[in-house]
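What's in coords34.csv: CSV, C-alpha atoms
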chain,number,residue,atom,x,y,z
A,1,MET,CA,45.2,1.6,-36.6
A,2,ALA,CA,46.3,4.4,-39.0
A,3,SER,CA,44.7,6.9,-36.6
A,4,ILE,CA,46.7,5.5,-33.7
A,5,LEU,CA,50.0,5.7,-35.6
A,6,ILE,CA,49.3,9.2,-36.8
A,7,ASN,CA,48.4,10.4,-33.3
A,8,LEU,CA,51.4,8.7,-31.9
A,9,LEU,CA,53.7,10.4,-34.4
A,10,ILE,CA,52.1,13.8,-33.7
A,11,ALA,CA,52.4,13.2,-29.9
A,12,ALA,CA,56.0,12.1,-30.1
A,13,PHE,CA,57.0,15.0,-32.3
A,14,MET,CA,55.0,17.7,-30.5
A,15,GLY,CA,56.1,16.4,-27.1
A,16,THR,CA,59.8,16.5,-27.9
A,17,VAL,CA,59.5,20.0,-29.5
A,18,LEU,CA,57.5,21.3,-26.5
A,19,ILE,CA,60.1,19.9,-24.0
A,20,GLY,CA,62.8,21.6,-26.1
A,21,LEU,CA,60.9,24.9,-26.1
A,22,GLN,CA,60.6,24.6,-22.3
A,23,ARG,CA,64.4,24.3,-22.0
A,24,LYS,CA,64.9,27.3,-24.3
A,25,VAL,CA,62.5,29.5,-22.4
A,26,MET,CA,64.0,28.4,-19.1
A,27,ALA,CA,67.5,29.3,-20.4
A,28,ARG,CA,66.4,32.7,-21.6
A,29,VAL,CA,64.7,33.5,-18.3
A,30,GLN,CA,68.0,32.6,-16.6
A,31,MET,CA,69.8,34.9,-19.1
A,32,ARG,CA,71.5,32.0,-21.0
A,33,PRO,CA,71.3,31.3,-24.7
A,34,GLY,CA,70.1,27.7,-24.1
A,35,PRO,CA,70.0,24.8,-26.5
A,36,PRO,CA,68.0,24.9,-29.8
A,37,ILE,CA,64.3,24.0,-29.5
A,38,ILE,CA,64.9,20.7,-31.4
A,39,GLN,CA,67.6,19.7,-28.9
A,40,TYR,CA,65.3,17.1,-27.2
A,41,VAL,CA,64.4,15.7,-30.6
A,42,LEU,CA,68.1,15.4,-31.4
A,43,HIS,CA,68.9,13.9,-28.0
A,44,THR,CA,66.2,11.3,-28.3
A,45,LEU,CA,67.5,10.3,-31.8
A,46,LYS,CA,71.1,10.3,-30.6
A,47,PHE,CA,70.4,8.1,-27.7
A,48,TYR,CA,68.3,5.8,-29.9
A,49,LEU,CA,71.3,5.1,-32.1
A,50,LYS,CA,73.8,4.7,-29.3
A,51,GLU,CA,75.0,1.4,-28.1
A,52,THR,CA,73.3,0.2,-24.9
A,53,SER,CA,74.8,-1.9,-22.2
A,54,PHE,CA,73.2,-4.0,-19.5
A,55,PRO,CA,74.4,-3.6,-15.9
A,56,LYS,CA,75.3,-6.9,-14.3
A,57,THR,CA,73.1,-5.9,-11.3
A,58,ALA,CA,70.1,-5.3,-13.5
A,59,ALA,CA,67.0,-7.6,-13.0
A,60,MET,CA,66.7,-9.0,-16.5
A,61,PRO,CA,64.4,-9.1,-18.5
A,62,PHE,CA,62.5,-6.7,-16.2
A,63,TYR,CA,65.1,-4.0,-16.9
A,64,ILE,CA,64.1,-4.0,-20.6
A,65,ALA,CA,60.4,-4.8,-20.0
A,66,ILE,CA,59.9,-1.8,-17.8
A,67,ALA,CA,61.0,0.6,-20.6
A,68,SER,CA,58.6,-1.2,-23.0
A,69,THR,CA,55.9,-0.9,-20.3
A,70,LEU,CA,56.3,2.9,-20.3
A,71,CYS,CA,55.9,3.0,-24.1
A,72,ALA,CA,52.9,0.6,-23.9
A,73,ILE,CA,51.0,2.7,-21.3
A,74,TRP,CA,51.4,5.9,-23.4
A,75,VAL,CA,50.3,4.1,-26.6
A,76,THR,CA,47.2,3.3,-24.4
A,77,GLY,CA,47.0,6.9,-23.4
A,78,ILE,CA,46.9,7.9,-27.1
A,79,ILE,CA,44.1,5.4,-27.7
A,80,MET,CA,42.1,6.6,-24.7
A,81,GLY,CA,42.7,10.2,-25.5
A,82,PRO,CA,42.8,11.6,-29.0
A,83,VAL,CA,41.7,8.4,-30.8
A,84,THR,CA,38.6,7.2,-28.8
A,85,GLN,CA,38.1,10.1,-26.3
A,86,GLY,CA,37.4,7.5,-23.7
A,87,SER,CA,37.3,7.5,-19.9
A,88,LEU,CA,39.2,9.9,-17.7
A,89,LEU,CA,39.4,7.2,-15.1
A,90,LEU,CA,41.6,5.1,-17.5
A,91,ILE,CA,43.8,8.1,-18.0
A,92,PHE,CA,44.2,8.3,-14.3
A,93,GLY,CA,45.1,4.6,-14.3
A,94,ILE,CA,47.8,5.3,-17.0
A,95,TYR,CA,49.3,8.0,-14.8
A,96,ALA,CA,49.3,5.6,-11.8
A,97,MET,CA,51.1,3.1,-14.0
A,98,HIS,CA,53.6,5.8,-15.1
A,99,LYS,CA,54.4,6.2,-11.4
A,100,ILE,CA,54.8,2.5,-11.0
A,101,VAL,CA,57.2,2.4,-14.0
A,102,GLU,CA,59.3,5.2,-12.5
A,103,HIS,CA,59.5,3.2,-9.3
A,104,ASN,CA,60.4,-0.1,-11.1
A,105,ALA,CA,62.8,1.4,-13.6
A,106,GLY,CA,64.8,2.7,-10.7
A,107,SER,CA,64.8,-0.6,-8.8
A,108,SER,CA,65.4,-2.8,-11.9
A,109,SER,CA,68.9,-1.5,-12.5
A,110,GLY,CA,70.4,-2.2,-9.1
A,111,SER,CA,72.0,1.3,-9.1
A,112,PRO,CA,71.8,3.3,-5.8
A,113,TYR,CA,70.7,6.3,-7.8
A,114,GLY,CA,67.9,4.3,-9.3
A,115,LYS,CA,66.9,3.0,-5.9
A,116,LEU,CA,66.8,6.5,-4.4
A,117,SER,CA,64.6,7.6,-7.4
A,118,CYS,CA,62.5,4.5,-6.9
A,119,VAL,CA,61.8,5.5,-3.3
A,120,ARG,CA,61.1,9.1,-4.3
A,121,ALA,CA,58.7,7.9,-6.9
A,122,VAL,CA,56.6,6.4,-4.1
A,123,PHE,CA,56.7,9.8,-2.3
A,124,SER,CA,55.8,11.6,-5.5
A,125,ALA,CA,52.7,9.5,-5.9
A,126,SER,CA,51.2,12.4,-3.9
A,127,ALA,CA,51.2,14.2,-7.3
A,128,GLU,CA,48.5,11.8,-8.4
A,129,LEU,CA,46.2,13.1,-5.5
A,130,PRO,CA,45.4,16.3,-7.4
A,131,LEU,CA,44.6,14.2,-10.5
A,132,PHE,CA,42.4,11.9,-8.5
A,133,ALA,CA,40.7,14.9,-6.8
A,134,LEU,CA,40.3,16.5,-10.2
A,135,LEU,CA,38.4,13.4,-11.5
A,136,ILE,CA,35.9,13.7,-8.6
A,137,VAL,CA,35.4,17.4,-9.2
A,138,VAL,CA,34.9,17.0,-12.9
A,139,TYR,CA,32.4,14.2,-12.3
A,140,LEU,CA,30.5,16.2,-9.8
A,141,GLN,CA,30.2,19.1,-12.3
A,142,THR,CA,29.6,17.2,-15.5
A,143,HIS,CA,28.2,13.8,-14.2
A,144,THR,CA,30.4,11.9,-16.6
A,145,MET,CA,34.0,10.7,-16.9
A,146,ILE,CA,33.9,10.1,-20.6
A,147,ILE,CA,36.1,12.7,-22.5
A,148,SER,CA,33.7,13.0,-25.5
A,149,ASP,CA,30.8,13.7,-23.1
A,150,ILE,CA,32.9,16.3,-21.2
A,151,ILE,CA,33.6,18.0,-24.6
A,152,THR,CA,29.8,18.0,-25.4
A,153,TYR,CA,29.1,19.4,-21.9
A,154,GLN,CA,31.5,22.3,-22.5
A,155,SER,CA,30.1,23.0,-26.0
A,156,ILE,CA,26.7,23.6,-24.3
A,157,ASN,CA,27.8,25.1,-20.9
A,158,GLY,CA,31.1,26.8,-21.6
A,159,PRO,CA,34.6,25.8,-20.7
A,160,LEU,CA,35.1,24.0,-17.3
A,161,ILE,CA,38.0,26.4,-16.4
A,162,PHE,CA,35.3,29.0,-15.6
A,163,SER,CA,32.9,26.8,-13.7
A,164,ILE,CA,35.5,24.8,-11.7
A,165,PRO,CA,38.6,27.1,-11.7
A,166,LEU,CA,40.2,25.5,-8.6
A,167,ALA,CA,40.2,22.2,-10.3
A,168,GLY,CA,41.9,23.9,-13.3
A,169,ILE,CA,44.6,25.3,-11.0
A,170,MET,CA,45.0,21.9,-9.3
A,171,PHE,CA,45.6,20.3,-12.7
A,172,PHE,CA,48.0,23.1,-13.6
A,173,VAL,CA,50.0,22.2,-10.5
A,174,LEU,CA,50.0,18.6,-11.8
A,175,LEU,CA,51.3,19.8,-15.1
A,176,ILE,CA,54.2,21.5,-13.3
A,177,THR,CA,54.8,18.3,-11.3
A,178,LYS,CA,55.1,16.3,-14.5
A,179,SER,CA,57.2,18.8,-16.4
A,180,HIS,CA,60.9,18.5,-16.9
A,181,TYR,CA,63.2,20.4,-14.5
A,182,SER,CA,60.3,21.3,-12.3
A,183,LEU,CA,60.4,22.1,-8.6
A,184,PHE,CA,58.6,18.8,-8.0
A,185,SER,CA,60.8,16.6,-10.1
A,186,ILE,CA,62.4,14.7,-7.2
A,187,THR,CA,62.6,11.5,-9.1
A,188,LYS,CA,65.0,13.0,-11.6
A,189,GLY,CA,66.8,15.6,-9.5
A,190,LYS,CA,70.5,16.1,-10.3
A,191,ASP,CA,71.4,15.1,-6.7
A,192,ILE,CA,70.6,11.6,-7.9
A,193,ILE,CA,72.2,12.0,-11.3
A,194,SER,CA,69.3,11.1,-13.6
A,195,GLY,CA,67.2,9.2,-11.1
A,196,TYR,CA,65.5,6.1,-12.4
A,197,GLU,CA,66.9,6.7,-15.9
A,198,THR,CA,70.5,6.7,-14.7
A,199,GLU,CA,71.3,3.1,-15.6
A,200,HIS,CA,69.2,2.9,-18.8
A,201,PHE,CA,71.8,3.6,-21.4
A,202,GLY,CA,71.8,4.3,-25.1
A,203,VAL,CA,68.8,2.8,-26.9
A,204,MET,CA,67.0,2.2,-23.6
A,205,ARG,CA,67.4,5.9,-22.7
A,206,GLY,CA,66.2,7.0,-26.1
A,207,TYR,CA,63.2,4.7,-25.7
A,208,LEU,CA,62.3,6.2,-22.3
A,209,MET,CA,62.7,9.7,-23.6
A,210,PHE,CA,60.4,8.9,-26.6
A,211,SER,CA,57.7,7.7,-24.2
A,212,GLU,CA,58.1,10.7,-21.9
A,213,SER,CA,57.6,13.1,-24.8
A,214,ILE,CA,54.3,11.3,-25.6
A,215,SER,CA,53.3,11.6,-21.9
A,216,TRP,CA,54.0,15.4,-21.9
A,217,TYR,CA,51.9,15.9,-25.0
A,218,MET,CA,49.1,13.7,-23.5
A,219,LEU,CA,49.0,15.7,-20.3
A,220,LEU,CA,48.7,18.9,-22.1
A,221,TRP,CA,46.1,17.5,-24.4
A,222,ILE,CA,44.0,16.3,-21.5
A,223,TYR,CA,44.2,19.6,-19.7
A,224,LEU,CA,43.1,21.6,-22.8
A,225,THR,CA,40.4,19.1,-23.6
A,226,VAL,CA,38.9,18.8,-20.1
A,227,PHE,CA,39.1,22.5,-19.2
A,228,PHE,CA,38.8,24.4,-22.5
A,229,GLY,CA,36.3,22.3,-24.4
A,230,PRO,CA,36.1,21.6,-28.1
A,231,LEU,CA,39.2,23.0,-29.7
A,232,SER,CA,40.6,23.0,-33.2
A,233,LEU,CA,44.1,21.5,-34.0
A,234,ILE,CA,45.6,24.9,-34.2
A,235,SER,CA,44.1,25.9,-30.8
A,236,TYR,CA,45.5,22.7,-29.3
A,237,PHE,CA,49.0,23.5,-30.6
A,238,MET,CA,48.8,27.2,-29.5
A,239,GLY,CA,47.4,26.2,-26.1
A,240,MET,CA,50.2,23.6,-25.6
A,241,ILE,CA,52.9,26.2,-26.5
A,242,VAL,CA,51.5,28.8,-24.1
A,243,ILE,CA,51.2,26.3,-21.2
A,244,SER,CA,54.7,25.0,-21.9
A,245,VAL,CA,56.1,28.6,-21.9
A,246,ILE,CA,54.3,29.5,-18.6
A,247,ILE,CA,55.5,26.3,-17.0
A,248,ALA,CA,59.1,26.9,-18.2
A,249,ILE,CA,59.0,30.4,-16.6
A,250,ILE,CA,57.8,28.9,-13.3
A,251,ASN,CA,60.5,26.2,-13.4
A,252,ALA,CA,63.2,28.6,-14.3
A,253,ILE,CA,62.7,30.7,-11.2
A,254,SER,CA,62.1,27.9,-8.8
A,255,PRO,CA,64.6,25.5,-7.1
A,256,ILE,CA,63.8,21.8,-6.8
A,257,LEU,CA,62.0,21.3,-3.6
A,258,ASN,CA,63.1,18.9,-0.9
A,259,PRO,CA,61.1,15.6,-1.4
A,260,ASN,CA,59.1,16.2,1.8
A,261,HIS,CA,58.2,19.8,0.9
A,262,SER,CA,57.3,18.6,-2.6
A,263,VAL,CA,54.8,16.1,-1.2
A,264,MET,CA,53.4,18.6,1.3
A,265,PHE,CA,52.8,21.2,-1.4
A,266,GLN,CA,51.0,18.7,-3.7
A,267,ILE,CA,48.8,17.3,-1.0
A,268,THR,CA,47.9,20.8,0.1
A,269,CYS,CA,47.0,21.7,-3.5
A,270,ALA,CA,44.8,18.6,-3.8
A,271,PHE,CA,43.1,19.4,-0.5
A,272,ILE,CA,42.4,23.0,-1.4
A,273,GLY,CA,41.4,22.0,-4.9
A,274,ILE,CA,38.8,19.4,-4.0
A,275,PHE,CA,37.2,21.0,-1.0
A,276,GLY,CA,37.3,24.4,-2.5
A,277,SER,CA,35.7,23.2,-5.7
A,278,ILE,CA,32.9,21.3,-3.7
A,279,ILE,CA,32.3,24.4,-1.6
A,280,LEU,CA,32.1,26.6,-4.7
A,281,MET,CA,29.6,24.1,-6.2
A,282,ILE,CA,27.4,24.2,-3.1
A,283,ILE,CA,27.4,28.0,-2.8
B,284,MET,CA,74.2,-14.3,-34.0
B,285,ASP,CA,73.8,-13.5,-30.3
B,286,LYS,CA,70.6,-14.0,-28.3
B,287,LEU,CA,69.7,-10.3,-28.1
B,288,LYS,CA,70.0,-9.8,-31.9
B,289,LEU,CA,68.0,-13.0,-32.5
B,290,PHE,CA,65.1,-12.0,-30.2
B,291,SER,CA,65.2,-8.5,-31.7
B,292,TYR,CA,64.8,-9.8,-35.3
B,293,ILE,CA,62.0,-12.1,-34.2
B,294,GLY,CA,60.2,-9.3,-32.3
B,295,LEU,CA,60.6,-6.9,-35.2
B,296,ILE,CA,59.2,-9.4,-37.8
B,297,ILE,CA,56.2,-10.3,-35.5
B,298,SER,CA,55.5,-6.6,-34.8
B,299,ILE,CA,55.7,-5.6,-38.5
B,300,ILE,CA,53.4,-8.4,-39.4
B,301,GLY,CA,50.9,-7.5,-36.6
B,302,ILE,CA,50.9,-3.8,-37.3
B,303,GLY,CA,50.6,-4.4,-41.1
B,304,TYR,CA,47.7,-6.8,-40.5
B,305,ALA,CA,45.9,-4.3,-38.4
B,306,LEU,CA,46.5,-1.5,-40.9
B,307,ILE,CA,45.4,-3.5,-44.0
B,308,PHE,CA,42.4,-5.5,-42.7
B,309,ASN,CA,39.3,-4.2,-41.0
B,310,LEU,CA,39.6,-5.8,-37.6
B,311,PRO,CA,37.4,-5.3,-34.5
B,312,ALA,CA,38.5,-2.3,-32.5
B,313,TRP,CA,39.7,-4.3,-29.4
B,314,ILE,CA,42.0,-6.4,-31.6
B,315,VAL,CA,43.5,-3.2,-33.1
B,316,TYR,CA,44.0,-1.7,-29.7
B,317,THR,CA,45.6,-4.9,-28.3
B,318,ILE,CA,48.0,-5.1,-31.3
B,319,SER,CA,48.9,-1.4,-30.9
B,320,ILE,CA,49.5,-1.6,-27.2
B,321,PHE,CA,51.7,-4.7,-27.4
B,322,LEU,CA,53.4,-4.5,-30.8
B,323,ILE,CA,54.1,-0.8,-31.3
B,324,PRO,CA,56.5,-0.8,-28.2
B,325,VAL,CA,58.0,-4.1,-29.3
B,326,PHE,CA,58.6,-2.6,-32.8
B,327,LEU,CA,60.2,0.5,-31.4
B,328,LEU,CA,62.4,-1.4,-29.0
B,329,THR,CA,63.6,-4.1,-31.5
B,330,ILE,CA,64.3,-1.6,-34.2
B,331,GLY,CA,66.4,0.4,-31.7
B,332,LEU,CA,68.3,-2.7,-30.6
B,333,ILE,CA,69.0,-3.7,-34.2
B,334,VAL,CA,70.1,-0.2,-35.5
B,335,MET,CA,72.1,0.8,-32.4
B,336,ALA,CA,75.9,1.3,-32.7
B,337,LYS,CA,77.9,-1.8,-32.4
B,338,PRO,CA,81.0,-2.2,-30.2
B,339,ILE,CA,84.4,-3.2,-31.5
B,340,LYS,CA,84.7,-7.0,-31.3
B,341,ASP,CA,87.6,-7.0,-28.8
B,342,GLU,CA,85.8,-4.6,-26.5
B,343,GLU,CA,82.4,-6.1,-26.7
B,344,GLU,CA,82.5,-8.3,-23.6
B,345,GLU,CA,83.8,-5.4,-21.5
B,346,ARG,CA,81.4,-2.7,-22.8
B,347,VAL,CA,78.1,-4.4,-23.4
B,348,PHE,CA,78.2,-6.6,-20.3
B,349,GLU,CA,79.2,-4.1,-17.7
B,350,PRO,CA,81.3,-5.7,-14.9
B,351,PHE,CA,79.9,-5.6,-11.4
B,352,ILE,CA,81.9,-3.1,-9.5
B,353,GLY,CA,80.1,-3.6,-6.2
B,354,TYR,CA,77.6,-1.1,-4.9
Before anything else, please render the file you have as structure tokens.
Amino acid sequence: MASILINLLIAAFMGTVLIGLQRKVMARVQMRPGPPIIQYVLHTLKFYLKETSFPKTAAMPFYIAIASTLCAIWVTGIIMGPVTQGSLLLIFGIYAMHKIVEHNAGSSSGSPYGKLSCVRAVFSASAELPLFALLIVVYLQTHTMIISDIITYQSINGPLIFSIPLAGIMFFVLLITKSHYSLFSITKGKDIISGYETEHFGVMRGYLMFSESISWYMLLWIYLTVFFGPLSLISYFMGMIVISVIIAIINAISPILNPNHSVMFQITCAFIGIFGSIILMII
Amino acid sequence: MDKLKLFSYIGLIISIIGIGYALIFNLPAWIVYTISIFLIPVFLLTIGLIVMAKPIKDEEEERVFEPFIGY
């Protein structure tokens, strides 16, 4: 239990700082000063202490339960990942649940912006295709889905980023998809205000932000663990910072794609990633 | 005390007891994971609902229970 709590605190803190770092780098690329790196930490805390209100059109208690569900699935992610180094398939399940939460958070409030985001969350399930394809490629290469066994495999055979590079690129596209202010973030585009989060106010918004910071940390943790093998704590932190900076640069110079283009791009990446990796394995 | 506050306090007490129990005693792994998955989110939610800013009494009805404006 102590291990779970400690990992949760690390994930929440690192996740919020990395998102703040992303915003800072994006601002600097766009020749703006940008907010301080701890801005996301401050925002999360600020919202957490703000009064919430419940729209009359909200489907209660689902409106509150869905925010709790997001937190619960990412606590599960912490348990499956850093604590037990369990199955990648369950991690995929957690990402699928995250998509379901995005969908239902949007629909639970009754807001038209939430509903639009809810529909776009269904479209953007295409982002899970690269993740699913990745699981297949990793399994074909290592013959296991268990994270601890994948780490052992890499300590013997070297990092997977060199043996299945297309899968690594595919996962990197997934990282971009899940990042804040990305070209694929159609569920939270400014054309729909804040998307599925629009009508979750105050404490509920802070709660969602807290869970999202854990999800960002977990995604980076999985990428580094699955593709770069056994790493020390310092290596994890350095790797997460480097990846966040690279993604921030990409996001800073890219506009948000049209939902249809976003879906097409992600499906194309999944297609190239999986078939390209299989062909490379055969050759 | 209104319903929200009452449920928040009950949830907070249950989650503190559950998390404390899992921390102190050497429980089987599956029980610890179950307690973590259910009670940590409840703890975070209930503590937020308890410590959040309170509206002025006169404005409470208008602010907390947002009137339907018709979508």
Quiz item: atom CA of A:Thr44 and atom CA of A:Val203, how far apart in Å?
Solution: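 These atoms are spaced 9.0 Å apart.
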Quiz item: Can you tell me how far atom CA of A:Ile64 sits from atom CA of A:Leu5, in Å to one decimal?
Solution: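 Distance reported for this atom pair: 22.8 Å.
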Exercise. Work out how far atom CA of A:Ile267 is from atom CA of A:Ser244, in Å to one decimal.
Key: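 For atom CA of A:Ser244 relative to atom CA of A:Ile267, the distance reads 23.0 Å.
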Sorted per-residue table, chain A near chain B, closest atoms and distance, 10 Å, all atoms listed in the file, as JSON lines:
{"residue": "A:Met1", "atom": "CA", "partner": "B:Leu306", "partner_atom": "CA", "distance": 5.5}
{"residue": "A:Ala2", "atom": "CA", "partner": "B:Leu306", "partner_atom": "CA", "distance": 6.2}
{"residue": "A:Ser3", "atom": "CA", "partner": "B:Leu306", "partner_atom": "CA", "distance": 9.6}
{"residue": "A:Ile4", "atom": "CA", "partner": "B:Ser319", "partner_atom": "CA", "distance": 7.8}
{"residue": "A:Leu5", "atom": "CA", "partner": "B:Ser319", "partner_atom": "CA", "distance": 8.6}
{"residue": "A:Leu8", "atom": "CA", "partner": "B:Ile323", "partner_atom": "CA", "distance": 9.9}
{"residue": "A:Leu45", "atom": "CA", "partner": "B:Gly331", "partner_atom": "CA", "distance": 10.0}
{"residue": "A:Lys46", "atom": "CA", "partner": "B:Met335", "partner_atom": "CA", "distance": 9.7}
{"residue": "A:Phe47", "atom": "CA", "partner": "B:Met335", "partner_atom": "CA", "distance": 8.8}
{"residue": "A:Tyr48", "atom": "CA", "partner": "B:Gly331", "partner_atom": "CA", "distance": 6.0}
{"residue": "A:Leu49", "atom": "CA", "partner": "B:Met335", "partner_atom": "CA", "distance": 4.4}
{"residue": "A:Lys50", "atom": "CA", "partner": "B:Ala336", "partner_atom": "CA", "distance": 5.2}
{"residue": "A:Glu51", "atom": "CA", "partner": "B:Ala336", "partner_atom": "CA", "distance": 4.7}
{"residue": "A:Thr52", "atom": "CA", "partner": "B:Val347", "partner_atom": "CA", "distance": 6.8}
{"residue": "A:Ser53", "atom": "CA", "partner": "B:Val347", "partner_atom": "CA", "distance": 4.3}
{"residue": "A:Phe54", "atom": "CA", "partner": "B:Phe348", "partner_atom": "CA", "distance": 5.7}
{"residue": "A:Pro55", "atom": "CA", "partner": "B:Glu349", "partner_atom": "CA", "distance": 5.2}
{"residue": "A:Lys56", "atom": "CA", "partner": "B:Phe351", "partner_atom": "CA", "distance": 5.6}
{"residue": "A:Thr57", "atom": "CA", "partner": "B:Phe351", "partner_atom": "CA", "distance": 6.8}
{"residue": "A:Ile64", "atom": "CA", "partner": "B:Leu328", "partner_atom": "CA", "distance": 9.0}
{"residue": "A:Ala65", "atom": "CA", "partner": "B:Val325", "partner_atom": "CA", "distance": 9.6}
{"residue": "A:Ala67", "atom": "CA", "partner": "B:Leu328", "partner_atom": "CA", "distance": 8.7}
{"residue": "A:Ser68", "atom": "CA", "partner": "B:Pro324", "partner_atom": "CA", "distance": 5.6}
{"residue": "A:Thr69", "atom": "CA", "partner": "B:Pro324", "partner_atom": "CA", "distance": 7.9}
{"residue": "A:Leu70", "atom": "CA", "partner": "B:Pro324", "partner_atom": "CA", "distance": 8.7}
{"residue": "A:Cys71", "atom": "CA", "partner": "B:Pro324", "partner_atom": "CA", "distance": 5.6}
{"residue": "A:Ala72", "atom": "CA", "partner": "B:Ile320", "partner_atom": "CA", "distance": 5.2}
{"residue": "A:Ile73", "atom": "CA", "partner": "B:Ile320", "partner_atom": "CA", "distance": 7.5}
{"residue": "A:Trp74", "atom": "CA", "partner": "B:Ile320", "partner_atom": "CA", "distance": 8.6}
{"residue": "A:Val75", "atom": "CA", "partner": "B:Ile320", "partner_atom": "CA", "distance": 5.8}
{"residue": "A:Thr76", "atom": "CA", "partner": "B:Ile320", "partner_atom": "CA", "distance": 6.1}
{"residue": "A:Gly77", "atom": "CA", "partner": "B:Ile320", "partner_atom": "CA", "distance": 9.6}
{"residue": "A:Ile78", "atom": "CA", "partner": "B:Ile320", "partner_atom": "CA", "distance": 9.8}
{"residue": "A:Ile79", "atom": "CA", "partner": "B:Tyr316", "partner_atom": "CA", "distance": 7.4}
{"residue": "A:Met80", "atom": "CA", "partner": "B:Tyr316", "partner_atom": "CA", "distance": 9.9}
{"residue": "A:Gly110", "atom": "CA", "partner": "B:Tyr354", "partner_atom": "CA", "distance": 8.4}
{"residue": "A:Ser111", "atom": "CA", "partner": "B:Tyr354", "partner_atom": "CA", "distance": 7.4}
{"residue": "A:Pro112", "atom": "CA", "partner": "B:Tyr354", "partner_atom": "CA", "distance": 7.3}
{"residue": "A:Gly202", "atom": "CA", "partner": "B:Met335", "partner_atom": "CA", "distance": 8.1}
{"residue": "A:Val203", "atom": "CA", "partner": "B:Gly331", "partner_atom": "CA", "distance": 5.9}
{"residue": "A:Met204", "atom": "CA", "partner": "B:Leu328", "partner_atom": "CA", "distance": 8.0}
{"residue": "A:Gly206", "atom": "CA", "partner": "B:Gly331", "partner_atom": "CA", "distance": 8.7}
{"residue": "A:Tyr207", "atom": "CA", "partner": "B:Leu328", "partner_atom": "CA", "distance": 7.0}
{"residue": "A:Phe210", "atom": "CA", "partner": "B:Leu327", "partner_atom": "CA", "distance": 9.7}
{"residue": "A:Ser211", "atom": "CA", "partner": "B:Pro324", "partner_atom": "CA", "distance": 9.5}
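Comparing the minimum interatomic distances between A:Cys118 and each of A:Ile247, A:Val101, A:Ala133, A:Val138, counting all atoms listed in the file, we find that A:Val101 sits nearest.
Distances from A:Gly168, A:Pro36, A:Gly158, A:Pro230 to A:Gly276 were compared using all atoms listed in the file, and the smallest one belongs to A:Gly168.
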Exercise. Tell me, as an NGL selection string, which residues lie within 10 Å of stretch 254-259 of chain A, counting only C-alpha atoms; anything in the same chain fewer than 4 positions away does not count.
Key: :A and (120-121 or 123-124 or 181-187 or 189-190 or 248-250 or 263-265)
Practice problem: Compare A:Ala11, A:Leu224, A:Leu89, A:Ile100 by their minimum atom-to-atom distance to A:Met240, counting all atoms listed in the file, and give me the closest one. | Solution: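 Closest residue, counting all atoms listed in the file: A:Leu224.
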Could you write stretch 307-318 of chain B as an mmCIF file, in the frame of the given file, with N, CA and C atoms rebuilt where they are missing?
data_model
loop_
_atom_site.group_PDB
_atom_site.id
_atom_site.type_symbol
_atom_site.label_atom_id
_atom_site.label_comp_id
_atom_site.auth_asym_id
_atom_site.auth_seq_id
_atom_site.Cartn_x
_atom_site.Cartn_y
_atom_site.Cartn_z
ATOM 1 N N ILE B 307 45.954 -3.106 -42.683
ATOM 2 C CA ILE B 307 45.400 -3.500 -44.000
ATOM 3 C C ILE B 307 43.933 -3.983 -43.822
ATOM 4 N N PHE B 308 43.731 -4.853 -42.820
ATOM 5 C CA PHE B 308 42.400 -5.500 -42.700
ATOM 6 C C PHE B 308 41.547 -4.725 -41.695
ATOM 7 N N ASN B 309 40.262 -4.867 -41.890
ATOM 8 C CA ASN B 309 39.300 -4.200 -41.000
ATOM 9 C C ASN B 309 38.955 -5.039 -39.839
ATOM 10 N N LEU B 310 39.785 -4.889 -38.787
ATOM 11 C CA LEU B 310 39.600 -5.800 -37.600
ATOM 12 C C LEU B 310 38.741 -5.097 -36.567
ATOM 13 N N PRO B 311 38.158 -5.876 -35.652
ATOM 14 C CA PRO B 311 37.400 -5.300 -34.500
ATOM 15 C C PRO B 311 38.346 -4.349 -33.731
ATOM 16 N N ALA B 312 37.727 -3.324 -33.138
ATOM 17 C CA ALA B 312 38.500 -2.300 -32.500
ATOM 18 C C ALA B 312 39.414 -2.858 -31.365
ATOM 19 N N TRP B 313 38.878 -3.817 -30.576
ATOM 20 C CA TRP B 313 39.700 -4.300 -29.400
ATOM 21 C C TRP B 313 40.925 -5.045 -29.893
ATOM 22 N N ILE B 314 40.862 -5.674 -31.071
ATOM 23 C CA ILE B 314 42.000 -6.400 -31.600
ATOM 24 C C ILE B 314 43.085 -5.337 -32.036
ATOM 25 N N VAL B 315 42.602 -4.273 -32.683
ATOM 26 C CA VAL B 315 43.500 -3.200 -33.100
ATOM 27 C C VAL B 315 44.204 -2.567 -31.918
ATOM 28 N N TYR B 316 43.423 -2.298 -30.858
ATOM 29 C CA TYR B 316 44.000 -1.700 -29.700
ATOM 30 C C TYR B 316 45.036 -2.623 -29.015
ATOM 31 N N THR B 317 44.708 -3.908 -28.943
ATOM 32 C CA THR B 317 45.600 -4.900 -28.300
ATOM 33 C C THR B 317 46.923 -4.952 -29.143
ATOM 34 N N ILE B 318 46.795 -5.011 -30.458
ATOM 35 C CA ILE B 318 48.000 -5.100 -31.300
ATOM 36 C C ILE B 318 48.821 -3.791 -31.115
#
